[in-house]
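The next block is work_18.cif, given as mmCIF, C-alpha atoms.
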data_work
loop_
_atom_site.label_atom_id
_atom_site.label_comp_id
_atom_site.auth_asym_id
_atom_site.auth_seq_id
_atom_site.Cartn_x
_atom_site.Cartn_y
_atom_site.Cartn_z
CA MET H 1 23.28 -9.09 52.60
CA LYS H 2 22.00 -6.18 50.50
CA LEU H 3 24.59 -4.27 48.49
CA ARG H 4 24.59 -0.61 47.57
CA LEU H 5 24.79 -0.20 43.82
CA LEU H 6 27.62 2.13 42.83
CA ALA H 7 26.79 2.62 39.18
CA ALA H 8 23.71 3.94 37.48
CA ALA H 9 21.28 1.16 36.64
CA VAL H 10 19.32 0.75 33.47
CA ALA H 11 16.23 -1.40 33.06
CA MET H 12 14.14 -1.10 29.94
CA THR H 13 11.57 -3.13 28.06
CA VAL H 14 12.03 -3.81 24.37
CA CYS H 15 10.23 -5.99 21.89
CA PHE H 16 13.32 -7.97 20.87
CA PRO H 17 16.38 -9.28 22.72
CA LEU H 18 19.48 -7.09 22.70
CA HIS H 19 22.72 -9.00 22.25
CA ILE H 20 25.81 -7.07 23.33
CA PHE H 21 29.08 -8.83 22.83
CA ALA H 22 32.49 -7.59 23.94
CA ASP H 23 35.86 -9.11 24.64
CA ASN H 24 35.32 -8.94 28.38
CA LEU H 25 31.78 -10.40 28.42
CA VAL H 26 30.77 -14.04 28.41
CA ASN H 27 27.49 -14.91 26.70
CA VAL H 28 25.17 -17.58 28.14
CA VAL H 29 22.20 -18.83 26.12
CA TYR H 30 19.34 -20.44 28.06
CA THR H 31 17.04 -23.23 26.89
CA PRO H 32 13.27 -22.57 27.06
CA SER H 33 10.89 -25.17 28.48
CA ASP H 34 7.30 -26.03 27.47
CA GLU H 35 6.58 -27.49 30.91
CA ASN H 36 3.45 -26.45 32.78
CA ILE H 37 4.91 -24.62 35.76
CA ILE H 38 3.24 -23.93 39.10
CA ASN H 39 3.99 -20.29 39.83
CA PRO H 40 2.49 -17.99 42.47
CA GLU H 41 -0.49 -15.68 41.85
CA ARG H 42 -1.48 -17.13 38.49
CA GLY H 43 -3.23 -20.09 36.88
CA MET H 44 -6.31 -22.18 37.51
CA PHE H 45 -8.11 -22.35 40.86
CA THR H 46 -10.94 -24.33 42.39
CA HIS H 47 -13.97 -22.72 44.01
CA HIS H 48 -14.72 -23.24 47.73
CA GLU H 49 -17.72 -21.84 49.63
CA PHE H 50 -17.86 -21.50 53.40
CA TYR H 51 -21.36 -20.85 54.74
CA SER H 52 -21.84 -19.34 58.17
CA ASP H 53 -24.49 -21.97 59.01
CA ARG H 54 -22.31 -24.95 58.02
CA ASN H 55 -19.10 -26.29 59.51
CA GLU H 56 -16.96 -26.89 56.42
CA GLU H 57 -13.30 -25.93 56.62
CA LEU H 58 -10.27 -26.51 54.46
CA THR H 59 -7.93 -29.34 55.31
CA LEU H 60 -4.24 -29.54 54.64
CA ASP H 61 -4.80 -32.76 52.67
CA ASP H 62 -7.27 -30.93 50.40
CA LEU H 63 -4.85 -28.10 49.77
CA GLU H 64 -1.85 -30.31 49.19
CA ALA H 65 -3.88 -32.29 46.66
CA LEU H 66 -4.73 -29.05 44.82
CA ARG H 67 -1.09 -28.03 44.85
CA ALA H 68 -0.09 -31.45 43.51
CA ASP H 69 -2.69 -30.94 40.75
CA GLY H 70 -0.83 -27.85 39.58
CA MET H 71 -2.59 -25.02 41.41
CA SER H 72 -1.04 -22.21 43.41
CA LEU H 73 -4.36 -20.37 43.89
CA ILE H 74 -7.62 -21.24 45.62
CA PHE H 75 -10.86 -19.24 45.46
CA THR H 76 -12.54 -18.94 48.86
CA VAL H 77 -15.89 -17.20 49.29
CA TYR H 78 -17.41 -16.72 52.75
CA VAL H 79 -21.21 -16.68 52.61
CA MET H 80 -22.33 -14.84 55.74
CA ARG H 81 -26.09 -15.39 55.59
CA ASP H 82 -26.34 -15.64 59.40
CA PHE H 83 -24.93 -12.15 59.84
CA ARG H 84 -27.13 -9.93 57.68
CA ASP H 85 -28.40 -8.21 60.81
CA LYS H 86 -25.62 -8.71 63.35
CA GLU H 87 -21.86 -8.87 63.88
CA ILE H 88 -19.82 -11.78 62.58
CA SER H 89 -19.43 -14.40 65.29
CA SER H 90 -16.01 -15.05 66.80
CA SER H 91 -16.23 -18.71 65.77
CA TYR H 92 -16.73 -17.78 62.11
CA LEU H 93 -13.87 -15.26 62.22
CA LYS H 94 -11.64 -17.98 63.66
CA ARG H 95 -12.67 -20.31 60.84
CA ILE H 96 -11.58 -17.73 58.26
CA SER H 97 -8.24 -17.33 60.03
CA ARG H 98 -7.69 -21.10 60.22
CA ASN H 99 -8.35 -21.48 56.51
CA LEU H 100 -5.82 -18.77 55.65
CA ARG H 101 -3.19 -20.33 57.92
CA LEU H 102 -3.68 -23.67 56.18
CA ILE H 103 -3.39 -22.00 52.78
CA ARG H 104 -0.02 -20.64 53.91
CA ARG H 105 1.13 -24.05 55.14
CA ALA H 106 0.23 -25.56 51.77
CA GLY H 107 2.24 -22.96 49.83
CA MET H 108 -0.78 -21.42 48.11
CA LYS H 109 -2.57 -18.06 47.97
CA ALA H 110 -6.24 -17.12 48.06
CA VAL H 111 -8.50 -15.11 45.82
CA LEU H 112 -10.89 -13.99 48.55
CA ARG H 113 -14.53 -12.83 48.60
CA PHE H 114 -17.26 -12.20 51.19
CA CYS H 115 -21.00 -12.07 50.53
CA TYR H 116 -24.34 -12.71 52.25
CA THR H 117 -26.11 -15.13 49.91
CA TYR H 118 -25.36 -17.47 47.05
CA SER H 119 -28.95 -17.75 45.79
CA GLU H 120 -31.39 -15.30 44.24
CA ALA H 121 -34.11 -17.02 46.29
CA ASP H 122 -32.38 -16.26 49.59
CA LYS H 123 -33.47 -12.77 50.64
CA PRO H 124 -32.30 -10.24 51.67
CA TRP H 125 -29.49 -10.29 49.14
CA ASP H 126 -27.13 -8.24 51.30
CA ALA H 127 -26.87 -6.30 54.56
CA PRO H 128 -27.38 -2.59 55.29
CA TRP H 129 -24.28 -0.45 55.03
CA GLU H 130 -23.90 0.00 58.79
CA ILE H 131 -23.80 -3.78 59.23
CA THR H 132 -21.37 -4.27 56.36
CA LYS H 133 -19.18 -1.45 57.68
CA ARG H 134 -18.90 -3.25 61.01
CA HIS H 135 -18.17 -6.56 59.26
CA ILE H 136 -15.29 -5.01 57.32
CA GLU H 137 -13.94 -3.59 60.59
CA GLN H 138 -14.08 -7.07 62.13
CA LEU H 139 -12.34 -8.62 59.14
CA THR H 140 -9.60 -6.01 58.80
CA PRO H 141 -7.17 -7.60 61.32
CA ILE H 142 -7.55 -10.96 59.57
CA LEU H 143 -6.99 -9.44 56.13
CA ARG H 144 -3.90 -7.58 57.27
CA ASP H 145 -2.43 -10.47 59.26
CA ASN H 146 -2.81 -12.80 56.27
CA ALA H 147 -2.16 -10.41 53.38
CA ASP H 148 0.94 -12.44 52.50
CA VAL H 149 -1.31 -15.26 51.24
CA ILE H 150 -4.12 -13.14 49.79
CA ALA H 151 -3.37 -12.72 46.10
CA LEU H 152 -6.22 -10.22 45.86
CA LEU H 153 -9.61 -9.43 47.39
CA GLU H 154 -12.75 -9.41 45.27
CA ALA H 155 -15.06 -6.61 46.42
CA GLY H 156 -18.05 -8.83 47.30
CA PHE H 157 -20.51 -7.87 50.10
CA ILE H 158 -23.07 -6.32 47.69
CA GLY H 159 -25.72 -8.52 46.09
CA VAL H 160 -26.13 -12.21 45.33
CA TRP H 161 -22.72 -13.93 45.08
CA GLY H 162 -21.16 -10.59 46.02
CA GLU H 163 -21.25 -9.61 42.36
CA TRP H 164 -22.73 -6.11 42.83
CA TYR H 165 -25.83 -6.67 40.70
CA TYR H 166 -28.94 -7.86 42.60
CA THR H 167 -29.11 -5.81 45.80
CA ASP H 168 -31.53 -4.71 48.50
CA ASN H 169 -29.38 -2.02 50.07
CA TYR H 170 -27.27 -0.34 47.35
CA ILE H 171 -29.71 0.79 44.65
CA PHE H 172 -30.51 -1.93 42.14
CA GLN H 173 -29.41 -0.90 38.62
CA PRO H 174 -28.15 2.55 39.67
CA ASN H 175 -27.69 5.39 37.21
CA ASP H 176 -24.30 7.03 36.77
CA GLN H 177 -24.87 9.39 39.72
CA GLN H 178 -26.09 6.75 42.20
CA TYR H 179 -22.85 4.94 43.02
CA GLY H 180 -22.19 6.78 46.29
CA PRO H 181 -23.40 3.90 48.53
CA ARG H 182 -21.20 1.44 46.63
CA ARG H 183 -18.24 3.80 46.90
CA GLN H 184 -18.50 3.53 50.70
CA VAL H 185 -17.97 -0.23 50.51
CA LEU H 186 -15.09 0.08 48.06
CA ASP H 187 -13.35 2.72 50.16
CA ALA H 188 -13.70 0.59 53.29
CA LEU H 189 -12.20 -2.45 51.54
CA LEU H 190 -9.28 -0.44 50.17
CA GLU H 191 -8.64 0.82 53.68
CA ALA H 192 -8.92 -2.68 55.18
CA MET H 193 -6.38 -4.21 52.81
CA PRO H 194 -2.67 -3.28 52.86
CA GLU H 195 -1.92 -0.61 50.29
CA ASP H 196 0.03 -3.04 48.11
CA ARG H 197 -3.00 -5.29 47.48
CA TYR H 198 -5.76 -5.06 44.86
CA VAL H 199 -9.52 -5.02 45.32
CA ALA H 200 -11.32 -6.41 42.25
CA VAL H 201 -14.76 -5.23 41.06
CA ARG H 202 -17.12 -7.15 38.83
CA TYR H 203 -17.98 -4.54 36.18
CA PRO H 204 -16.01 -1.76 34.46
CA VAL H 205 -18.84 0.68 35.18
CA VAL H 206 -18.23 0.26 38.92
CA LYS H 207 -14.72 1.72 38.79
CA LEU H 208 -15.78 4.39 36.31
CA ASN H 209 -18.84 5.61 38.24
CA THR H 210 -17.63 5.26 41.82
CA PHE H 211 -14.75 7.58 40.93
CA ASN H 212 -16.59 9.68 38.32
CA ILE H 213 -14.00 9.08 35.61
CA GLN H 214 -14.25 8.51 31.86
CA TYR H 215 -13.25 5.37 29.99
CA THR H 216 -10.27 7.29 28.60
CA ASP H 217 -8.96 7.91 32.14
CA THR H 218 -6.93 4.73 32.15
CA LEU H 219 -3.81 3.82 34.05
CA SER H 220 -0.39 4.13 32.44
CA ASN H 221 3.20 3.19 33.19
CA LEU H 222 3.42 6.38 35.26
CA THR H 223 0.19 5.97 37.27
CA ALA H 224 0.02 2.20 37.72
CA HIS H 225 1.30 0.28 40.77
CA ARG H 226 0.83 3.15 43.20
CA THR H 227 -1.04 3.25 46.50
CA GLU H 228 -3.86 5.51 45.24
CA PRO H 229 -7.31 3.86 44.97
CA LEU H 230 -7.49 4.01 41.17
CA SER H 231 -4.20 2.11 40.94
CA ARG H 232 -5.46 -0.61 43.31
CA ILE H 233 -8.88 -1.41 41.83
CA SER H 234 -8.81 -4.39 39.48
CA PHE H 235 -11.45 -6.57 37.84
CA HIS H 236 -13.03 -10.00 37.69
CA ASN H 237 -15.30 -11.26 34.91
CA ASP H 238 -17.60 -14.09 36.01
CA CYS H 239 -19.35 -14.57 32.66
CA PHE H 240 -16.38 -14.59 30.33
CA LEU H 241 -17.33 -15.33 26.70
CA ALA H 242 -20.96 -16.22 27.60
CA THR H 243 -22.54 -13.77 25.11
CA ASP H 244 -21.45 -10.90 22.89
CA ASP H 245 -21.61 -8.75 26.06
CA ASP H 246 -20.35 -11.35 28.55
CA MET H 247 -23.86 -11.52 30.03
CA GLY H 248 -24.18 -7.81 30.84
CA THR H 249 -20.59 -7.24 31.94
CA PHE H 250 -20.17 -4.28 29.59
CA ASN H 251 -23.76 -2.95 29.49
CA CYS H 252 -23.45 -3.18 25.68
CA VAL H 253 -21.18 -0.12 25.79
CA PRO H 254 -18.15 -0.61 23.50
CA GLU H 255 -16.18 2.02 25.43
CA TYR H 256 -16.36 -0.15 28.56
CA ARG H 257 -14.69 -2.97 26.67
CA GLN H 258 -12.00 -0.58 25.48
CA TYR H 259 -11.47 0.56 29.05
CA TRP H 260 -10.87 -3.01 30.25
CA LEU H 261 -8.61 -3.77 27.29
CA TRP H 262 -6.19 -1.06 28.38
CA GLU H 263 -6.71 -1.05 32.15
CA SER H 264 -6.04 -4.80 32.46
CA ARG H 265 -2.45 -4.24 31.34
CA TYR H 266 -1.79 -2.77 34.78
CA VAL H 267 -4.19 -4.53 37.17
CA PRO H 268 -5.09 -8.21 37.61
CA MET H 269 -7.95 -9.78 35.64
CA GLY H 270 -9.54 -13.18 36.23
CA GLY H 271 -12.79 -14.98 36.89
CA GLU H 272 -14.79 -17.72 35.25
CA THR H 273 -16.89 -18.76 32.28
CA CYS H 274 -20.63 -19.19 32.84
CA ALA H 275 -22.21 -20.55 29.63
CA LEU H 276 -21.26 -22.25 26.39
CA SER H 277 -21.59 -19.93 23.39
CA GLU H 278 -20.17 -19.23 19.96
CA TYR H 279 -17.76 -16.81 21.63
CA CYS H 280 -16.08 -19.73 23.39
CA GLU H 281 -14.65 -20.98 20.11
CA VAL H 282 -10.92 -21.33 20.58
CA PRO H 283 -9.71 -18.58 18.19
CA ASN H 284 -11.99 -16.01 19.84
CA ALA H 285 -11.24 -17.26 23.36
CA MET H 286 -7.51 -17.05 22.65
CA ARG H 287 -7.87 -13.44 21.47
CA ASP H 288 -9.87 -12.39 24.53
CA PHE H 289 -7.63 -14.15 27.07
CA GLU H 290 -4.71 -12.26 25.56
CA ALA H 291 -6.48 -8.94 25.00
CA TYR H 292 -7.83 -8.73 28.57
CA HIS H 293 -4.62 -10.04 30.18
CA TRP H 294 -6.11 -12.92 32.16
CA SER H 295 -4.19 -14.17 35.21
CA TYR H 296 -6.55 -16.68 36.88
CA LEU H 297 -9.52 -18.87 35.90
CA ASN H 298 -12.02 -21.05 37.77
CA LYS H 299 -11.42 -24.74 37.07
CA ASP H 300 -14.88 -25.70 38.37
CA TYR H 301 -17.17 -23.56 36.22
CA HIS H 302 -18.52 -23.67 33.58
CA GLN H 303 -17.83 -27.32 32.86
CA ASP H 304 -19.35 -27.29 29.36
CA VAL H 305 -16.92 -24.60 28.29
CA LEU H 306 -13.93 -26.21 29.97
CA ARG H 307 -14.71 -29.64 28.48
CA LYS H 308 -14.91 -28.06 25.02
CA TRP H 309 -11.51 -26.47 25.47
CA GLU H 310 -10.11 -29.74 26.79
CA MET H 311 -11.42 -31.66 23.77
CA GLU H 312 -9.95 -29.06 21.41
CA ASN H 313 -6.51 -29.19 23.09
CA PHE H 314 -6.72 -25.59 24.28
CA MET H 315 -6.41 -26.25 28.01
CA ASP H 316 -2.64 -26.81 27.91
CA GLU H 317 -2.29 -23.36 26.36
CA ILE H 318 -4.44 -21.88 29.12
CA HIS H 319 -2.41 -23.61 31.83
CA ARG H 320 0.84 -22.28 30.38
CA ARG H 321 -0.22 -18.72 29.60
CA LEU H 322 -2.61 -17.58 32.35
CA GLY H 323 -0.81 -14.70 34.03
CA TYR H 324 2.91 -14.38 33.40
CA ARG H 325 5.30 -16.91 31.87
CA LEU H 326 8.88 -15.68 32.14
CA THR H 327 11.67 -17.24 30.08
CA ALA H 328 15.33 -16.27 30.21
CA LEU H 329 16.70 -16.00 26.67
CA GLN H 330 20.35 -15.09 27.17
CA GLY H 331 22.74 -13.31 29.48
CA ASN H 332 26.00 -11.42 29.16
CA TYR H 333 28.33 -11.18 32.16
CA THR H 334 31.79 -9.82 32.89
CA GLU H 335 34.11 -12.68 32.04
CA LYS H 336 36.73 -12.10 34.75
CA PRO H 337 35.15 -10.12 37.58
CA ARG H 338 37.36 -8.85 40.39
CA VAL H 339 36.75 -8.15 44.05
CA GLY H 340 35.69 -4.53 44.61
CA GLU H 341 35.25 -3.80 40.88
CA PRO H 342 32.09 -3.43 38.78
CA MET H 343 30.59 -6.55 37.25
CA HIS H 344 28.38 -6.02 34.21
CA VAL H 345 25.16 -8.05 34.10
CA GLU H 346 22.69 -8.24 31.21
CA ILE H 347 19.70 -10.59 31.07
CA ASP H 348 16.94 -10.85 28.46
CA ILE H 349 13.65 -12.20 29.85
CA GLU H 350 10.62 -12.83 27.66
CA ASN H 351 7.05 -12.88 28.98
CA THR H 352 4.96 -15.25 26.85
CA GLY H 353 2.03 -15.25 29.28
CA TRP H 354 -1.13 -13.17 28.95
CA ALA H 355 -0.34 -10.75 31.79
CA ALA H 356 2.43 -9.23 33.86
CA PRO H 357 2.97 -10.27 37.49
CA PHE H 358 0.56 -8.06 39.45
CA ASN H 359 2.01 -7.97 42.97
CA HIS H 360 5.40 -6.46 43.75
CA ARG H 361 8.47 -8.59 44.39
CA ASP H 362 12.18 -7.78 44.30
CA VAL H 363 14.35 -8.98 41.44
CA ASP H 364 17.56 -10.17 43.12
CA LEU H 365 20.89 -11.58 42.03
CA VAL H 366 22.13 -14.07 44.59
CA PHE H 367 25.81 -15.10 44.68
CA VAL H 368 26.61 -18.35 46.49
CA GLY H 369 30.24 -19.21 47.15
CA LYS H 370 31.63 -22.60 46.06
CA LYS H 371 35.06 -24.29 45.98
CA GLY H 372 37.04 -22.09 48.32
CA ALA H 373 34.61 -19.18 48.41
CA LYS H 374 32.13 -18.84 51.25
CA GLY H 375 28.99 -16.88 51.95
CA THR H 376 25.85 -15.74 50.16
CA PHE H 377 25.49 -12.21 48.81
CA ARG H 378 22.43 -10.51 47.32
CA VAL H 379 21.92 -7.53 44.99
CA THR H 380 18.50 -6.07 44.17
CA LEU H 381 18.26 -4.99 40.54
CA ASP H 382 16.62 -1.73 39.54
CA THR H 383 13.50 -3.00 37.77
CA ASP H 384 9.78 -3.46 38.47
CA ILE H 385 8.60 -6.97 37.64
CA ARG H 386 5.02 -5.68 37.31
CA LYS H 387 6.16 -3.89 34.15
CA TRP H 388 7.49 -7.03 32.46
CA MET H 389 4.67 -6.91 29.95
CA PRO H 390 3.21 -9.87 28.04
CA GLY H 391 4.52 -10.31 24.53
CA GLU H 392 7.67 -8.33 25.29
CA VAL H 393 11.29 -8.96 26.18
CA THR H 394 12.69 -7.12 29.18
CA HIS H 395 16.36 -6.27 28.83
CA LEU H 396 18.05 -5.88 32.21
CA SER H 397 21.41 -4.13 32.08
CA GLN H 398 23.25 -3.12 35.23
CA ASP H 399 26.75 -2.64 36.61
CA ILE H 400 27.10 -3.96 40.14
CA THR H 401 30.11 -3.60 42.41
CA LEU H 402 31.04 -6.85 44.09
CA PRO H 403 31.87 -6.29 47.77
CA THR H 404 35.24 -6.79 49.34
CA GLU H 405 33.65 -9.39 51.67
CA MET H 406 33.45 -11.80 48.71
CA GLN H 407 36.45 -14.09 48.77
CA PRO H 408 38.21 -15.08 45.55
CA GLY H 409 36.92 -18.36 44.22
CA GLN H 410 34.01 -19.87 42.38
CA TYR H 411 30.46 -18.53 42.67
CA GLU H 412 27.07 -19.61 41.42
CA MET H 413 24.89 -16.67 40.35
CA TYR H 414 21.12 -16.99 40.59
CA LEU H 415 18.08 -14.89 39.74
CA ALA H 416 15.74 -14.88 42.75
CA LEU H 417 12.13 -13.70 42.36
CA GLN H 418 10.90 -14.31 45.87
CA ASP H 419 7.82 -13.08 47.70
CA PRO H 420 8.59 -9.90 49.66
CA ALA H 421 6.63 -10.98 52.76
CA PRO H 422 9.10 -12.10 55.47
CA SER H 423 6.76 -14.94 56.49
CA ILE H 424 7.09 -16.68 53.11
CA HIS H 425 10.14 -15.01 51.53
CA ASP H 426 12.36 -18.07 51.81
CA ARG H 427 9.76 -20.63 50.72
CA PRO H 428 10.34 -21.84 47.14
CA GLU H 429 6.58 -22.37 46.59
CA TYR H 430 6.21 -18.58 46.63
CA ALA H 431 9.16 -17.82 44.32
CA ILE H 432 8.80 -17.44 40.55
CA ARG H 433 10.33 -20.19 38.47
CA LEU H 434 11.55 -19.28 34.99
CA ALA H 435 10.26 -21.38 32.08
CA ASN H 436 13.69 -22.80 31.28
CA LYS H 437 15.34 -26.18 31.39
CA GLY H 438 17.92 -26.91 34.06
CA MET H 439 17.77 -23.53 35.85
CA TRP H 440 15.43 -24.08 38.82
CA LYS H 441 16.99 -24.93 42.16
CA LYS H 442 15.15 -26.30 45.17
CA GLN H 443 15.81 -23.21 47.31
CA GLY H 444 13.68 -21.16 44.89
CA TYR H 445 16.45 -19.66 42.75
CA ASN H 446 17.01 -19.71 38.97
CA HIS H 447 20.62 -20.51 38.02
CA LEU H 448 22.17 -17.99 35.63
CA HIS H 449 25.93 -18.43 35.57
CA THR H 450 29.01 -19.91 37.24
CA PHE H 451 32.10 -17.71 37.42
CA THR H 452 35.44 -17.37 39.16
CA LEU H 453 36.04 -14.21 41.18
CA ASN H 454 39.62 -12.96 41.06
CA LYS H 455 41.56 -10.73 43.46
#

Go ahead and express the file in the form of structure tokens.
Amino acid sequence: MKLRLLAAAVAMTVCFPLHIFADNLVNVVYTPSDENIINPERGMFTHHEFYSDRNEELTLDDLEALRADGMSLIFTVYVMRDFRDKEISSSYLKRISRNLRLIRRAGMKAVLRFCYTYSEADKPWDAPWEITKRHIEQLTPILRDNADVIALLEAGFIGVWGEWYYTDNYIFQPNDQQYGPRRQVLDALLEAMPEDRYVAVRYPVVKLNTFNIQYTDTLSNLTAHRTEPLSRISFHNDCFLATDDDMGTFNCVPEYRQYWLWESRYVPMGGETCALSEYCEVPNAMRDFEAYHWSYLNKDYHQDVLRKWEMENFMDEIHRRLGYRLTALQGNYTEKPRVGEPMHVEIDIENTGWAAPFNHRDVDLVFVGKKGAKGTFRVTLDTDIRKWMPGEVTHLSQDITLPTEMQPGQYEMYLALQDPAPSIHDRPEYAIRLANKGMWKKQGYNHLHTFTLNK
């Protein structure tokens, strides 16, 4: 049951843990873990293409093997080369739906993209806008019905690979004033997806020019995580560290790099490497992963780069730090709480990953009765997990009033970071596990404290 909070709540982010000790508080210190943890909406993924003129589909065995290999994400790109001049067939739409249902069964989420060709030699490179508009309309019910297992949507549709470069229908190499046709596609995708999901574009200039903004017009704590288009457009970099300009990603414009450095604090960033270069050296790669707040990375490409990082013992660091990595440091709790009275709760949580969680989820305290006490009770804390920034410690401090329905006796208190979608809310595969020893429970909760509730 949800409880109404009777006292003002405070949630703030600081760069060091606050330790508040008082006679009526008990202090609990938690033990960090170095374990590689499978957590939702972060980490490595493998790349899977589904061509309209082939019959490949995902299988549950394939997905369970990926999950067992430590992955919570899968990249799926639908190459619709049969439909450049017509509607998407019902059989292909059903194939997309079946894949997403299997992804849900396997406890994973998809990074999703649609395009019309995966080869520069396969012309035309994309479809006219009126065709693409109809395709997005056809796909909208699928996207909305399966949004629970879509981590984010990459914009796609335009150009080879859906990367918005080579194009027959959207002005190849447009100037700053020629992004109107591309804006139509972006607007349609934002409309097709639920307003709490991101649409990722390939280049910083796309977001800047489709909305006619400057590189200084970046998101902030006040403007991020809203439903407006600028808050929902994120990025993917598919030539990370390949050259000094990431193979044209920044158009050799330093301000575009600066824009991504700041903007990626508030929106997801991921992608793949595409060539071995001097910029792939571990010290530089480490700096850029951290500076651009990477959450996900292709495990399949580019193998030369990935083998280098494996040989230089960098891959374990990547596995641990892609996206968020949340560790409970310590907690302070009312020592002798009473029924119907406030209970003080403080928890310090450090994020040692490269990014914050990018999709919303509630931060709940769950109280489970033991030894004479019965029932399960839930309180939602006043904090936004998307603002638990990398390299910082979030100090949660809140007074909660325990309800009269709670019987005197012993209770286990847990921190639950579950997916908000009802379809997967209670599945532990979709809950965030803290990077601590001895805290994770099979129902998807993190154990914080055991206490006795008095009359």

Got a sec to resolve the PyMOL selection byres ((chain H and resi 383-391) around 9) on this structure and send the residues as a PyMOL selection string? chain H and resi 9-13+15+221+225+265-266+290+293+323-326+349-363+380-382+392-394+396+417

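Distance-wise, CA of Thr132 (chain H) and CA of Tyr256 (chain H) end up 28.5 Å apart.
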
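Take the candidates H:Gly271, H:Pro204, H:Gly409, H:Pro403 and check each one against Asn251 (chain H) using all atoms listed in the file; the shortest distance goes to H:Pro204.
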
Residues returned when the PyMOL selection byres ((chain H and resi 180) around 12) runs on this file, as a PyMOL selection string: chain H and resi 129+169-171+174-179+181-187+206-207+209-212

Selection near His344 (chain H), 10 Å with all atoms listed in the file, sequence-local residues under 6 positions removed, as a list in words: Asn24, Leu25, Asn332, Tyr333, Thr334, Glu335, Pro337, Ser397, Gln398, Asp399, Ile400 and Thr401 of chain H

Put region 268-305 of chain H into a file with C-alpha atoms, as a compact mmCIF listing (two decimals), in the first residue's frame.
# COMPACT_ATOMS: atom_id res chain seq x y z
CA PRO H 268 21.12 8.74 -22.53
CA MET H 269 24.27 8.25 -24.62
CA GLY H 270 25.48 5.03 -26.21
CA GLY H 271 26.52 3.40 -29.45
CA GLU H 272 29.57 1.62 -30.78
CA THR H 273 33.18 1.93 -31.85
CA CYS H 274 33.94 1.65 -35.58
CA ALA H 275 37.74 1.69 -36.07
CA LEU H 276 40.95 1.22 -34.14
CA SER H 277 42.82 4.49 -33.62
CA GLU H 278 45.17 6.27 -31.25
CA TYR H 279 42.09 7.70 -29.53
CA CYS H 280 41.14 4.20 -28.37
CA GLU H 281 44.09 4.12 -25.98
CA VAL H 282 42.72 3.30 -22.56
CA PRO H 283 43.44 6.62 -20.77
CA ASN H 284 41.69 8.59 -23.51
CA ALA H 285 38.84 6.09 -23.82
CA MET H 286 38.30 6.22 -20.06
CA ARG H 287 38.10 10.02 -20.15
CA ASP H 288 35.59 10.05 -23.01
CA PHE H 289 33.36 7.30 -21.59
CA GLU H 290 33.13 9.35 -18.42
CA ALA H 291 32.90 12.78 -20.03
CA TYR H 292 30.07 11.80 -22.40
CA HIS H 293 28.21 9.72 -19.79
CA TRP H 294 27.97 6.45 -21.72
CA SER H 295 25.20 4.01 -20.77
CA TYR H 296 25.35 1.28 -23.45
CA LEU H 297 27.90 -0.13 -25.92
CA ASN H 298 27.79 -2.62 -28.80
CA LYS H 299 29.61 -5.84 -27.91
CA ASP H 300 29.83 -6.91 -31.57
CA TYR H 301 31.59 -3.94 -33.17
CA HIS H 302 34.35 -2.96 -33.65
CA GLN H 303 36.14 -6.13 -32.67
CA ASP H 304 39.67 -4.70 -33.07
CA VAL H 305 38.89 -2.03 -30.51
